[in-house]
>>> print(open('model-v8.cif').read())   # mmCIF, C-alpha atoms
data_query
#
loop_
_atom_site.label_atom_id
_atom_site.label_comp_id
_atom_site.auth_asym_id
_atom_site.auth_seq_id
_atom_site.Cartn_x
_atom_site.Cartn_y
_atom_site.Cartn_z
CA MET W 964 -90.97 167.31 12.44
CA THR W 965 -91.39 170.62 10.58
CA PRO W 966 -88.19 171.64 8.82
CA ALA W 967 -86.51 174.70 10.26
CA ARG W 968 -86.94 177.82 8.11
CA VAL W 969 -83.80 179.51 6.89
CA ALA W 970 -83.88 182.98 5.30
CA VAL W 971 -81.47 183.32 2.36
CA ILE W 972 -81.05 187.07 2.28
CA ARG W 973 -80.99 188.54 -1.16
CA PHE W 974 -79.32 191.93 -1.34
CA PRO W 975 -79.13 193.44 -4.83
CA GLY W 976 -76.11 191.94 -6.52
CA VAL W 977 -75.85 188.58 -4.76
CA ASN W 978 -75.68 185.65 -7.16
CA CYS W 979 -75.32 182.44 -5.15
CA GLU W 980 -78.75 182.35 -3.54
CA ALA W 981 -80.18 179.52 -5.66
CA GLU W 982 -77.40 177.00 -5.00
CA SER W 983 -77.30 178.02 -1.34
CA ALA W 984 -81.02 177.37 -1.04
CA ARG W 985 -80.60 174.03 -2.81
CA ALA W 986 -77.92 172.97 -0.33
CA LEU W 987 -80.15 173.91 2.61
CA ALA W 988 -83.06 171.96 1.14
CA ARG W 989 -80.88 168.91 0.51
CA VAL W 990 -80.08 168.60 4.21
CA GLY W 991 -83.74 168.86 5.19
CA LEU W 992 -84.08 172.58 5.94
CA GLU W 993 -86.65 174.93 4.46
CA PRO W 994 -84.94 177.83 2.68
CA GLU W 995 -86.78 180.97 1.65
CA LEU W 996 -85.31 183.72 -0.50
CA PHE W 997 -85.73 186.94 1.49
CA MET W 998 -85.60 190.13 -0.56
CA TRP W 999 -83.83 193.15 0.89
CA THR W 1000 -86.96 195.25 0.40
CA ARG W 1001 -88.97 193.27 2.96
CA THR W 1002 -89.66 194.48 6.45
CA PRO W 1003 -86.68 193.60 8.68
CA SER W 1004 -88.91 192.33 11.48
CA ASP W 1005 -90.11 189.55 9.13
CA LEU W 1006 -86.70 187.97 9.70
CA ARG W 1007 -87.74 187.06 13.23
CA ASP W 1008 -89.94 184.28 11.84
CA PHE W 1009 -86.89 182.28 10.74
CA GLN W 1010 -84.70 179.93 12.73
CA ALA W 1011 -81.47 180.65 10.84
CA TYR W 1012 -80.04 182.94 8.19
CA LEU W 1013 -77.72 182.71 5.22
CA LEU W 1014 -76.03 185.61 3.45
CA PRO W 1015 -75.00 184.19 0.07
CA GLY W 1016 -72.08 185.06 -2.16
CA GLY W 1017 -72.02 187.60 -4.96
CA PHE W 1018 -71.58 191.34 -5.06
CA ALA W 1019 -74.10 193.02 -2.78
CA TYR W 1020 -74.60 196.60 -3.97
CA GLN W 1021 -71.89 195.93 -6.59
CA ASP W 1022 -69.24 196.04 -3.84
CA ARG W 1023 -69.68 199.82 -3.84
CA VAL W 1024 -67.36 201.62 -1.40
CA ARG W 1025 -65.96 198.25 -0.31
CA ALA W 1026 -67.14 194.65 -0.47
CA GLY W 1027 -69.96 194.25 2.03
CA ALA W 1028 -69.73 197.84 3.27
CA LEU W 1029 -73.14 199.13 2.23
CA ALA W 1030 -75.13 195.97 2.98
CA ALA W 1031 -73.60 196.01 6.48
CA LYS W 1032 -75.51 199.25 7.15
CA ASP W 1033 -78.87 197.84 6.02
CA PRO W 1034 -81.59 197.64 8.69
CA LEU W 1035 -81.89 193.93 7.87
CA VAL W 1036 -78.43 193.43 9.32
CA GLU W 1037 -79.45 195.21 12.51
CA THR W 1038 -82.25 192.66 12.90
CA LEU W 1039 -79.84 189.85 12.01
CA SER W 1040 -77.57 191.07 14.78
CA GLU W 1041 -80.42 191.01 17.28
CA GLU W 1042 -81.43 187.50 16.26
CA ALA W 1043 -77.82 186.31 16.33
CA SER W 1044 -77.47 187.64 19.87
CA ARG W 1045 -80.37 185.32 20.76
CA GLY W 1046 -78.33 182.41 19.46
CA LYS W 1047 -79.84 181.96 16.02
CA PRO W 1048 -77.28 180.75 13.46
CA VAL W 1049 -76.07 183.09 10.71
CA LEU W 1050 -73.85 181.90 7.86
CA GLY W 1051 -72.18 184.40 5.53
CA ILE W 1052 -70.53 182.88 2.48
CA CYS W 1053 -67.89 184.92 0.59
CA ASN W 1054 -69.66 188.26 0.02
CA GLY W 1055 -71.92 187.31 2.91
CA ALA W 1056 -68.80 186.89 5.03
CA GLN W 1057 -67.67 190.35 3.96
CA VAL W 1058 -71.01 191.76 5.13
CA LEU W 1059 -70.69 190.06 8.52
CA VAL W 1060 -67.15 191.36 9.03
CA GLU W 1061 -68.05 194.90 7.93
CA ALA W 1062 -71.05 194.78 10.29
CA GLY W 1063 -68.95 193.60 13.22
CA LEU W 1064 -71.02 190.44 13.74
CA VAL W 1065 -67.78 188.51 13.33
CA PRO W 1066 -65.77 188.08 15.47
CA GLY W 1067 -68.52 189.71 17.47
CA GLY W 1068 -66.79 191.85 20.06
CA ALA W 1069 -67.10 195.60 20.22
CA GLY W 1070 -67.58 197.07 16.75
CA VAL W 1071 -65.63 196.17 13.64
CA GLU W 1072 -62.49 194.24 14.53
CA LEU W 1073 -61.37 192.77 11.22
CA ALA W 1074 -61.22 193.36 7.51
CA LEU W 1075 -61.57 191.04 4.58
CA ALA W 1076 -58.85 192.78 2.64
CA ARG W 1077 -57.62 192.48 -0.92
CA ASN W 1078 -55.92 189.18 -1.67
CA HIS W 1079 -52.17 189.05 -1.19
CA MET W 1080 -50.78 186.90 -3.99
CA PRO W 1081 -47.27 186.85 -5.38
CA ASP W 1082 -46.95 188.50 -8.80
CA ARG W 1083 -50.67 188.93 -9.29
CA SER W 1084 -53.59 190.87 -7.93
CA GLY W 1085 -57.35 190.97 -8.09
CA TYR W 1086 -59.95 188.25 -8.30
CA TYR W 1087 -58.80 184.69 -7.83
CA ALA W 1088 -60.74 181.45 -8.15
CA ARG W 1089 -59.53 177.91 -7.44
CA TRP W 1090 -60.26 174.82 -5.38
CA VAL W 1091 -58.45 174.77 -2.06
CA TYR W 1092 -58.42 172.58 1.02
CA ALA W 1093 -59.69 173.72 4.39
CA ARG W 1094 -58.96 171.85 7.63
CA VAL W 1095 -61.52 171.62 10.41
CA GLU W 1096 -60.26 173.11 13.68
CA PRO W 1097 -61.54 172.64 17.23
CA SER W 1098 -64.28 175.25 17.60
CA PRO W 1099 -67.71 175.89 19.10
CA CYS W 1100 -68.91 176.77 15.56
CA VAL W 1101 -72.33 175.24 14.92
CA PHE W 1102 -71.62 174.77 11.22
CA THR W 1103 -68.62 172.48 11.78
CA ARG W 1104 -70.49 170.66 14.51
CA GLY W 1105 -70.01 166.94 14.16
CA LEU W 1106 -66.92 167.27 12.00
CA SER W 1107 -63.70 165.90 13.43
CA PRO W 1108 -60.86 168.37 13.90
CA GLY W 1109 -58.25 167.60 11.29
CA MET W 1110 -60.79 166.63 8.63
CA VAL W 1111 -59.91 168.20 5.27
CA LEU W 1112 -62.59 169.56 2.94
CA PRO W 1113 -61.98 170.52 -0.69
CA LEU W 1114 -63.88 173.75 -1.33
CA PRO W 1115 -63.74 176.41 -4.06
CA VAL W 1116 -62.80 180.02 -3.41
CA ALA W 1117 -63.61 182.89 -5.77
CA HIS W 1118 -62.92 186.38 -4.52
CA GLY W 1119 -60.77 189.47 -4.74
CA GLU W 1120 -61.04 190.45 -1.08
CA GLY W 1121 -60.80 187.41 1.15
CA ARG W 1122 -57.82 188.06 3.41
CA PHE W 1123 -58.87 188.01 7.07
CA THR W 1124 -56.67 190.58 8.76
CA SER W 1125 -56.63 193.18 11.50
CA SER W 1126 -54.71 196.33 12.31
CA GLU W 1127 -54.01 194.67 15.64
CA THR W 1128 -51.02 192.40 15.16
CA GLY W 1129 -51.77 188.82 16.09
CA ARG W 1130 -55.52 189.36 16.34
CA VAL W 1131 -56.53 186.58 13.94
CA GLU W 1132 -54.00 184.22 15.52
CA ALA W 1133 -55.59 184.98 18.91
CA LEU W 1134 -59.02 184.22 17.47
CA ALA W 1135 -57.65 180.90 16.21
CA ARG W 1136 -56.35 180.04 19.67
CA ALA W 1137 -59.81 180.85 21.05
CA GLY W 1138 -61.48 178.45 18.63
CA GLN W 1139 -62.94 181.19 16.43
CA VAL W 1140 -61.19 180.02 13.26
CA PRO W 1141 -63.08 176.80 12.56
CA LEU W 1142 -61.55 176.30 9.11
CA ARG W 1143 -57.97 176.97 8.03
CA TYR W 1144 -56.38 176.67 4.62
CA ALA W 1145 -54.25 173.54 4.38
CA SER W 1146 -52.66 171.13 1.98
CA SER W 1147 -54.64 168.12 0.77
CA ASP W 1148 -53.18 166.05 3.62
CA GLY W 1149 -54.07 168.61 6.26
CA VAL W 1150 -50.76 170.36 6.79
CA ASP W 1151 -50.96 174.14 7.39
CA ALA W 1152 -50.96 176.05 4.11
CA ASP W 1153 -47.45 177.34 3.59
CA GLY W 1154 -48.40 180.24 1.35
CA PHE W 1155 -49.97 180.84 -2.02
CA PRO W 1156 -51.86 179.10 -3.58
CA ALA W 1157 -52.81 176.76 -0.70
CA ASN W 1158 -53.60 179.93 1.22
CA PRO W 1159 -55.19 181.69 -1.74
CA ASN W 1160 -55.37 185.20 -0.32
CA GLY W 1161 -52.69 185.52 2.35
CA ALA W 1162 -55.18 185.43 5.24
CA ASP W 1163 -53.67 185.87 8.69
CA ALA W 1164 -53.36 182.51 10.48
CA GLY W 1165 -54.47 180.85 7.25
CA ALA W 1166 -58.05 181.63 8.25
CA ALA W 1167 -60.67 180.44 5.77
CA ALA W 1168 -63.46 181.26 8.20
CA VAL W 1169 -63.99 183.17 11.43
CA CYS W 1170 -66.90 182.77 13.82
CA ASN W 1171 -68.15 184.70 16.82
CA GLY W 1172 -67.35 183.51 20.32
CA ALA W 1173 -70.65 181.66 20.71
CA GLY W 1174 -70.08 179.87 17.41
CA ASN W 1175 -73.45 180.70 15.87
CA VAL W 1176 -72.26 183.34 13.37
CA LEU W 1177 -69.77 182.24 10.72
CA ALA W 1178 -67.99 184.28 8.06
CA LEU W 1179 -66.76 181.75 5.52
CA MET W 1180 -64.77 182.68 2.42
CA PRO W 1181 -64.89 179.34 0.49
CA HIS W 1182 -68.16 178.34 -1.17
CA PRO W 1183 -69.58 175.12 0.34
CA GLU W 1184 -72.73 175.43 -1.78
CA ARG W 1185 -70.55 174.99 -4.87
CA ALA W 1186 -69.14 171.77 -3.41
CA GLN W 1187 -72.44 170.05 -2.65
CA ASP W 1188 -72.18 167.56 -5.53
CA ALA W 1189 -69.35 165.03 -5.24
CA GLY W 1190 -69.55 164.32 -8.95
CA ALA W 1191 -68.83 167.96 -9.71
CA LEU W 1192 -65.55 168.10 -7.79
CA PRO W 1193 -62.56 168.75 -10.06
CA ALA W 1194 -60.29 165.91 -11.10
CA ALA W 1195 -57.42 167.48 -9.18
CA VAL W 1196 -59.10 166.80 -5.83
CA VAL W 1197 -57.29 163.99 -4.01
CA GLY W 1198 -57.89 162.01 -0.83
CA VAL W 1199 -61.22 160.62 0.30
CA TRP W 1200 -63.12 163.26 -1.61
CA GLY W 1201 -61.23 162.43 -4.78
CA GLU W 1202 -62.29 158.81 -4.29
CA ALA W 1203 -65.87 159.92 -3.64
CA ARG W 1204 -65.80 161.92 -6.85
CA ALA W 1205 -64.52 158.95 -8.85
CA ALA W 1206 -67.13 156.63 -7.34
CA ALA W 1207 -69.92 159.12 -8.00
CA ARG W 1208 -68.89 159.46 -11.62
CA LEU W 1209 -68.58 155.72 -12.04
CA ARG W 1210 -72.13 155.28 -10.78
CA GLY W 1211 -73.38 158.21 -12.81
CA GLU W 1212 -74.37 160.00 -9.60
CA ARG W 1213 -73.05 163.46 -10.23
CA ASP W 1214 -75.10 164.92 -7.40
CA ALA W 1215 -73.90 162.45 -4.79
CA ARG W 1216 -73.34 164.33 -1.55
CA GLY W 1217 -70.21 166.43 -1.64
CA PRO W 1218 -68.02 167.95 1.09
CA GLY W 1219 -69.78 171.31 1.14
CA LEU W 1220 -73.00 169.74 2.42
CA LEU W 1221 -71.27 168.81 5.67
CA LEU W 1222 -71.45 172.43 6.84
CA PHE W 1223 -75.15 172.64 6.08
CA GLU W 1224 -75.67 169.34 7.88
CA GLY W 1225 -73.95 170.84 10.90
CA LEU W 1226 -76.53 173.62 10.83
CA ARG W 1227 -79.40 171.11 10.61
CA ARG W 1228 -78.02 169.09 13.53
CA HIS W 1229 -77.74 172.23 15.62
CA LEU W 1230 -81.27 173.35 14.80
CA MET W 1231 -82.71 169.94 15.62
CA GLU W 1232 -81.04 169.99 19.01
CA ALA W 1233 -81.82 173.62 19.77
CA MET H 1007 -38.69 216.07 -22.13
CA ALA H 1008 -38.28 214.65 -18.66
CA GLY H 1009 -37.37 217.07 -15.93
CA LYS H 1010 -36.10 216.88 -12.39
CA ARG H 1011 -37.78 214.74 -9.78
CA ALA H 1012 -41.29 215.98 -9.21
CA VAL H 1013 -44.68 214.93 -7.90
CA ALA H 1014 -47.98 215.33 -9.70
CA GLN H 1015 -51.54 214.45 -8.81
CA ALA H 1016 -54.22 213.39 -11.24
CA TRP H 1017 -57.73 213.89 -9.85
CA ILE H 1018 -60.05 211.71 -11.89
CA GLU H 1019 -63.83 211.94 -11.66
CA PRO H 1020 -66.62 210.23 -13.60
CA VAL H 1021 -68.29 212.54 -16.10
CA ASN H 1022 -71.75 211.18 -15.31
CA ASP H 1023 -73.42 210.64 -11.96
CA ASP H 1024 -71.38 208.08 -10.06
CA PRO H 1025 -73.55 205.21 -8.72
CA GLU H 1026 -70.94 204.35 -6.10
CA ALA H 1027 -71.03 207.86 -4.66
CA VAL H 1028 -74.81 208.05 -4.94
CA SER H 1029 -75.17 204.81 -2.94
CA ALA H 1030 -72.64 205.91 -0.34
CA LEU H 1031 -74.45 209.23 0.07
CA ALA H 1032 -77.84 207.56 0.46
CA VAL H 1033 -76.58 205.04 3.02
CA ALA H 1034 -74.66 207.65 4.99
CA ARG H 1035 -77.65 210.00 5.15
CA ALA H 1036 -80.04 207.23 6.13
CA HIS H 1037 -78.03 205.23 8.62
CA LEU H 1038 -74.93 207.02 9.91
CA SER H 1039 -74.74 209.56 12.67
CA GLY H 1040 -72.17 211.66 10.77
CA GLY H 1041 -74.21 211.67 7.57
CA ARG H 1042 -77.49 213.31 8.48
CA ALA H 1043 -76.48 216.76 7.21
CA LEU H 1044 -74.58 215.55 4.16
CA ARG H 1045 -75.29 217.67 1.09
CA SER H 1046 -72.98 216.01 -1.42
CA LEU H 1047 -70.54 213.14 -1.72
CA ARG H 1048 -68.31 212.67 -4.73
CA ARG H 1049 -65.77 209.94 -5.44
CA LEU H 1050 -62.59 210.74 -7.32
CA ARG H 1051 -59.59 208.56 -7.96
CA LEU H 1052 -56.41 210.26 -6.88
CA ILE H 1053 -53.31 209.12 -8.72
CA GLU H 1054 -49.93 210.39 -7.60
CA LEU H 1055 -46.93 210.16 -9.86
CA SER H 1056 -43.43 210.81 -8.59
CA GLY H 1057 -40.12 210.80 -10.43
CA ALA H 1058 -38.65 212.55 -13.44
CA LEU H 1059 -41.90 213.82 -14.90
CA PRO H 1060 -42.38 215.80 -18.12
CA ALA H 1061 -43.86 219.30 -18.15
CA ARG H 1062 -47.63 219.67 -17.79
CA ALA H 1063 -48.56 219.28 -21.46
CA GLY H 1064 -46.47 216.15 -21.83
CA LEU H 1065 -47.79 214.68 -18.60
CA GLU H 1066 -51.40 215.37 -19.49
CA GLY H 1067 -50.84 213.77 -22.88
CA LEU H 1068 -49.40 210.59 -21.39
CA LEU H 1069 -52.22 210.29 -18.87
CA HIS H 1070 -54.79 210.84 -21.60
CA ARG H 1071 -53.53 208.26 -24.03
CA SER H 1072 -52.97 205.35 -21.62
CA ILE H 1073 -55.74 203.11 -20.38
CA GLN H 1074 -53.72 202.76 -17.17
CA PHE H 1075 -54.94 206.07 -15.76
CA TYR H 1076 -58.37 207.07 -16.96
CA ASN H 1077 -60.92 206.80 -19.71
CA PRO H 1078 -61.41 210.25 -21.30
CA ALA H 1079 -64.78 209.15 -22.66
CA LYS H 1080 -66.11 208.54 -19.16
CA GLU H 1081 -63.90 210.53 -16.84
CA ARG H 1082 -62.35 213.95 -16.55
CA CYS H 1083 -58.88 214.52 -15.20
CA VAL H 1084 -57.44 217.53 -13.38
CA VAL H 1085 -53.65 217.56 -13.07
CA ARG H 1086 -51.99 219.28 -10.15
CA MET H 1087 -48.23 219.81 -10.25
CA ALA H 1088 -47.81 222.51 -7.62
CA ALA H 1089 -49.47 223.17 -4.29
CA ALA H 1090 -50.98 226.35 -5.70
CA ASP H 1091 -52.67 224.53 -8.61
CA ALA H 1092 -56.45 224.39 -8.52
CA LEU H 1093 -58.26 221.41 -7.05
CA PRO H 1094 -61.58 220.04 -8.29
CA LEU H 1095 -63.19 221.00 -4.98
CA GLY H 1096 -65.74 223.52 -3.83
CA GLY H 1097 -64.70 226.08 -1.25
CA ARG H 1098 -66.31 224.38 1.73
CA GLU H 1099 -65.79 220.79 0.71
CA GLN H 1100 -63.58 218.40 2.64
CA VAL H 1101 -61.70 215.42 1.28
CA VAL H 1102 -61.15 211.98 2.75
CA LEU H 1103 -58.35 210.06 1.05
CA VAL H 1104 -58.56 206.27 1.40
CA PHE H 1105 -56.04 203.74 0.16
CA GLU H 1106 -55.21 200.11 0.81
CA ARG H 1107 -52.44 199.77 3.37
CA GLY H 1108 -49.30 198.61 1.56
CA GLU H 1109 -51.22 198.19 -1.71
CA GLU H 1110 -51.20 201.72 -3.09
CA ARG H 1111 -48.56 201.18 -5.79
CA ARG H 1112 -49.79 200.68 -9.37
CA GLY H 1113 -47.30 198.30 -10.94
CA GLY H 1114 -49.08 198.09 -14.28
CA ALA H 1115 -49.07 201.86 -14.68
CA GLU H 1116 -45.38 202.03 -13.75
CA ARG H 1117 -44.51 199.39 -16.36
CA TRP H 1118 -46.52 201.23 -18.99
CA TRP H 1119 -44.72 204.48 -18.17
CA ARG H 1120 -41.33 202.80 -18.45
CA HIS H 1121 -42.31 201.28 -21.77
CA GLU H 1122 -43.54 204.61 -23.16
CA THR H 1123 -40.91 206.97 -21.79
CA GLY H 1124 -37.96 204.79 -20.84
CA ARG H 1125 -38.10 206.27 -17.34
CA ASP H 1126 -38.95 204.80 -13.97
CA ILE H 1127 -41.51 206.61 -11.88
CA GLU H 1128 -43.66 205.62 -8.93
CA VAL H 1129 -47.43 205.59 -9.32
CA ARG H 1130 -49.80 205.35 -6.37
CA GLU H 1131 -53.57 205.43 -6.21
CA GLY H 1132 -56.24 206.10 -3.65
CA VAL H 1133 -59.86 207.18 -3.54
CA ALA H 1134 -60.70 210.77 -2.66
CA TRP H 1135 -64.19 211.21 -1.21
CA VAL H 1136 -65.20 214.85 -1.55
CA ILE H 1137 -67.77 215.78 1.05
CA GLY H 1138 -70.08 218.76 1.45
CA PHE H 1139 -72.47 219.49 4.30
CA GLU H 1140 -75.60 221.57 4.66
CA PRO H 1141 -75.04 224.83 6.56
CA LEU H 1142 -76.91 223.41 9.54
CA GLU H 1143 -74.02 221.05 10.28
CA THR H 1144 -72.25 222.80 13.14
CA ASP H 1145 -69.20 220.52 13.22
CA PRO H 1146 -68.32 219.50 9.67
CA ALA H 1147 -64.81 218.47 10.63
CA GLY H 1148 -66.17 216.16 13.31
CA ALA H 1149 -68.79 214.78 10.97
CA VAL H 1150 -66.18 213.99 8.31
CA ALA H 1151 -64.03 212.20 10.84
CA GLU H 1152 -67.12 210.29 11.92
CA LEU H 1153 -67.87 209.21 8.35
CA ALA H 1154 -64.31 208.33 7.47
CA ALA H 1155 -63.24 205.53 9.79
CA LEU H 1156 -65.46 202.47 10.17
CA ARG H 1157 -66.10 201.65 13.82
CA ASP H 1158 -69.44 199.84 13.86
CA ARG H 1159 -72.72 199.61 11.96
CA ARG H 1160 -73.68 203.20 12.82
CA HIS H 1161 -70.31 204.90 12.71
CA GLY H 1162 -67.94 205.20 9.78
CA LEU H 1163 -68.05 203.99 6.21
CA LEU H 1164 -65.30 205.12 3.88
CA CYS H 1165 -62.24 203.40 5.39
CA ASN H 1166 -61.94 200.07 7.17
CA PRO H 1167 -58.88 200.84 9.31
CA HIS H 1168 -58.01 197.16 9.60
CA ALA H 1169 -56.84 197.15 5.98
CA GLN H 1170 -56.93 200.76 4.80
CA GLU H 1171 -55.44 204.16 5.65
CA HIS H 1172 -57.27 207.45 5.51
CA ARG H 1173 -56.36 211.11 5.60
CA ILE H 1174 -58.58 214.16 5.81
CA ALA H 1175 -58.03 217.59 4.26
CA ALA H 1176 -60.09 220.74 4.12
CA GLY H 1177 -59.15 223.54 1.77
CA LYS H 1178 -55.48 222.74 1.35
CA VAL H 1179 -54.59 219.31 0.04
CA PRO H 1180 -50.93 218.29 0.42
CA LEU H 1181 -48.81 217.49 -2.61
CA PRO H 1182 -47.80 214.70 -2.31
CA TRP H 1183 -50.55 213.30 -0.15
CA ILE H 1184 -50.50 209.50 -0.38
CA THR H 1185 -46.84 209.30 0.58
CA LEU H 1186 -47.06 212.09 3.12
CA ARG H 1187 -45.80 210.93 6.48
CA THR H 1188 -48.41 211.73 9.13
#
>>> encode(input="model-v8.cif", output="structure tokens")
Amino acid sequence: MTPARVAVIRFPGVNCEAESARALARVGLEPELFMWTRTPSDLRDFQAYLLPGGFAYQDRVRAGALAAKDPLVETLSEEASRGKPVLGICNGAQVLVEAGLVPGGAGVELALARNHMPDRSGYYARWVYARVEPSPCVFTRGLSPGMVLPLPVAHGEGRFTSSETGRVEALARAGQVPLRYASSDGVDADGFPANPNGADAGAAAVCNGAGNVLALMPHPERAQDAGALPAAVVGVWGEARAAARLRGERDARGPGLLLFEGLRRHLMEA
Amino acid sequence: MAGKRAVAQAWIEPVNDDPEAVSALAVARAHLSGGRALRSLRRLRLIELSGALPARAGLEGLLHRSIQFYNPAKERCVVRMAAADALPLGGREQVVLVFERGEERRGGAERWWRHETGRDIEVREGVAWVIGFEPLETDPAGAVAELAALRDRRHGLLCNPHAQEHRIAAGKVPLPWITLRT
């Protein structure tokens, strides 16, 4: 079977395209780096899309704001409306939110706002835990609700919020928050640092109603090697890390690959 | 010498061409319905200080010597202490002020001020987008409103209303502006 082609869209300023492409290849997909200067209609030749992390257009005006206006994103929107999967990671998530592809109703419904952290501000990077929630999201397909994934975050603007009170909570009730920040044993994050940015409803990710477009703030592509997990990670993934190191298998499959495997499963069935 | 409670604005603009404003102008012209007749788009940082402030010379000196406010090698600063003071705006330009909702205070600048002067003041910051249109634009006020608030991929750019506030002024800019109740 020919591997499905996935376009990894490279706006000027992104910096996570190589590891994102590696993660896609490791689960049996065929990634291709797609430069922002290419003709947007070329995107139609792909079965799925990934907007990687970084700083598209240097975060000018606002993170994701300028890339969201790019004609490529218009084509992405058309392809997403046909059911093709789109994954935005960190800065890619900011682009999807600023473009209104997530949560996917009428226009822009959310912001990925500056982190809310007690006694500090700005960029924040650490490993956190995210709990899988019941959701139609294709990327968490096959993962059991309640499963906890250690994933790194690294951002200054990652707080899912809305001017409409309770909007993100309502999305969570509708299954459009497939990952929520939690403790290592899966209990709702009770504030900073388990919820590293103060996101409404502890949302680490928000998807559209159909589940094929996902805005994800943590970086699964940085958690694709079990042997590279930090020593502080506990639970089954801490044990996997220890075993991988003992065997000298630093690139044993890590928790981040599970989301890419969900994409592969979906594409095989589609 | 500190005086009675007052409000001052520092309008801070890059000395050289500002890539952020250049990119915003290009994207707005190319892709947004309100941007087709844009002639110019400049980005200034607007800092508002309120409290027992010194007279103009003292205030300008404090702003100049602290890294909390601006870099005199890269930016110029115009201080406004009264509504009649000049603004760094052209006659037909409009201004869109954008700031993060609930995040406009600058704690580091306030601590520096207290350390330097022994006085507590409040410091707030936003971004002032200064906008000019070609004469062919028949509804510049409508076009500015269209550019200001993000609605979808083709409408709005400067402010995401889900996390930010914006205000628009033409000609007369309030003093204070960030704390102005609308």
>>> interface_residues(input="model-v8.cif", of="chain W", to="chain H", cutoff="7 Å", atoms="only C-alpha atoms", output="VMD selection string")
chain W and resid 1023 to 1024 1029 1031 to 1032 1062 to 1063 1070 to 1071 1073 to 1074 1076 1124 to 1126
>>> resolve_selection(input="model-v8.cif", expression="the PyMOL selection byres ((chain W and resi 1006) around 10)", output="ChimeraX atom specification")
/W:969-970,972,997,1001-1005,1007-1012,1035-1036,1038-1039,1042
>>> residues_around(input="model-v8.cif", residues="Ala1089 (chain H)", least_positions_apart="3", cutoff="8 Å", atoms="only C-alpha atoms", output="PyMOL selection string")
chain H and resi 1086+1179-1181
>>> closest_residue(input="model-v8.cif", among="H:Gly1096, H:Glu1143, H:Gly1114, H:Val1129", to="Ala1176 (chain H)", atoms="all atoms listed in the file")
H:Gly1096
>>> resolve_selection(input="model-v8.cif", expression="the PyMOL selection byres ((chain W and resi 1027) around 12)", output="compact mmCIF listing (two decimals) with C-alpha atoms, keeping the file's coordinate frame")
# COMPACT_ATOMS: atom_id res chain seq x y z
CA PHE W 974 -79.32 191.93 -1.34
CA PRO W 975 -79.13 193.44 -4.83
CA GLY W 976 -76.11 191.94 -6.52
CA VAL W 977 -75.85 188.58 -4.76
CA LEU W 1014 -76.03 185.61 3.45
CA PRO W 1015 -75.00 184.19 0.07
CA GLY W 1016 -72.08 185.06 -2.16
CA GLY W 1017 -72.02 187.60 -4.96
CA PHE W 1018 -71.58 191.34 -5.06
CA ALA W 1019 -74.10 193.02 -2.78
CA TYR W 1020 -74.60 196.60 -3.97
CA GLN W 1021 -71.89 195.93 -6.59
CA ASP W 1022 -69.24 196.04 -3.84
CA ARG W 1023 -69.68 199.82 -3.84
CA VAL W 1024 -67.36 201.62 -1.40
CA ARG W 1025 -65.96 198.25 -0.31
CA ALA W 1026 -67.14 194.65 -0.47
CA ALA W 1028 -69.73 197.84 3.27
CA LEU W 1029 -73.14 199.13 2.23
CA ALA W 1030 -75.13 195.97 2.98
CA ALA W 1031 -73.60 196.01 6.48
CA LYS W 1032 -75.51 199.25 7.15
CA ASP W 1033 -78.87 197.84 6.02
CA VAL W 1036 -78.43 193.43 9.32
CA GLY W 1051 -72.18 184.40 5.53
CA ILE W 1052 -70.53 182.88 2.48
CA CYS W 1053 -67.89 184.92 0.59
CA ASN W 1054 -69.66 188.26 0.02
CA GLY W 1055 -71.92 187.31 2.91
CA ALA W 1056 -68.80 186.89 5.03
CA GLN W 1057 -67.67 190.35 3.96
CA VAL W 1058 -71.01 191.76 5.13
CA LEU W 1059 -70.69 190.06 8.52
CA VAL W 1060 -67.15 191.36 9.03
CA GLU W 1061 -68.05 194.90 7.93
CA ALA W 1062 -71.05 194.78 10.29
CA GLY W 1063 -68.95 193.60 13.22
CA ALA W 1074 -61.22 193.36 7.51
CA LEU W 1075 -61.57 191.04 4.58
CA ALA W 1076 -58.85 192.78 2.64
CA GLU W 1120 -61.04 190.45 -1.08
CA GLY W 1121 -60.80 187.41 1.15
CA ALA W 1178 -67.99 184.28 8.06
CA ARG H 1159 -72.72 199.61 11.96
CA LEU H 1163 -68.05 203.99 6.21
CA LEU H 1164 -65.30 205.12 3.88
CA ASN H 1166 -61.94 200.07 7.17
>>> resolve_selection(input="model-v8.cif", expression="the PyMOL selection byres ((chain W and resi 1117) around 12)", output="ChimeraX atom specification")
/W:979,1016-1018,1052-1054,1078,1085-1091,1114-1116,1118-1121,1159-1160,1179-1183,1185
>>> residues_around(input="model-v8.cif", residues="Pro1141 (chain W)", least_positions_apart="3", cutoff="6 Å", atoms="all atoms listed in the file", output="count of residues only")
3
>>> atom_distance(input="model-v8.cif", atom1="CA of Ser1044 (chain W)", atom2="CA of Glu1232 (chain W)")
18.0 Å
>>> atom_distance(input="model-v8.cif", atom1="CA of Pro1097 (chain W)", atom2="CA of Pro1218 (chain W)")
18.0 Å
>>> atom_distance(input="model-v8.cif", atom1="CA of Gln1015 (chain H)", atom2="CA of Glu1066 (chain H)")
10.7 Å
>>> closest_residue(input="model-v8.cif", among="H:Thr1185, H:Thr1144, H:Ser1072, H:Ser1056", to="Ala1115 (chain H)", atoms="all atoms listed in the file")
H:Ser1072
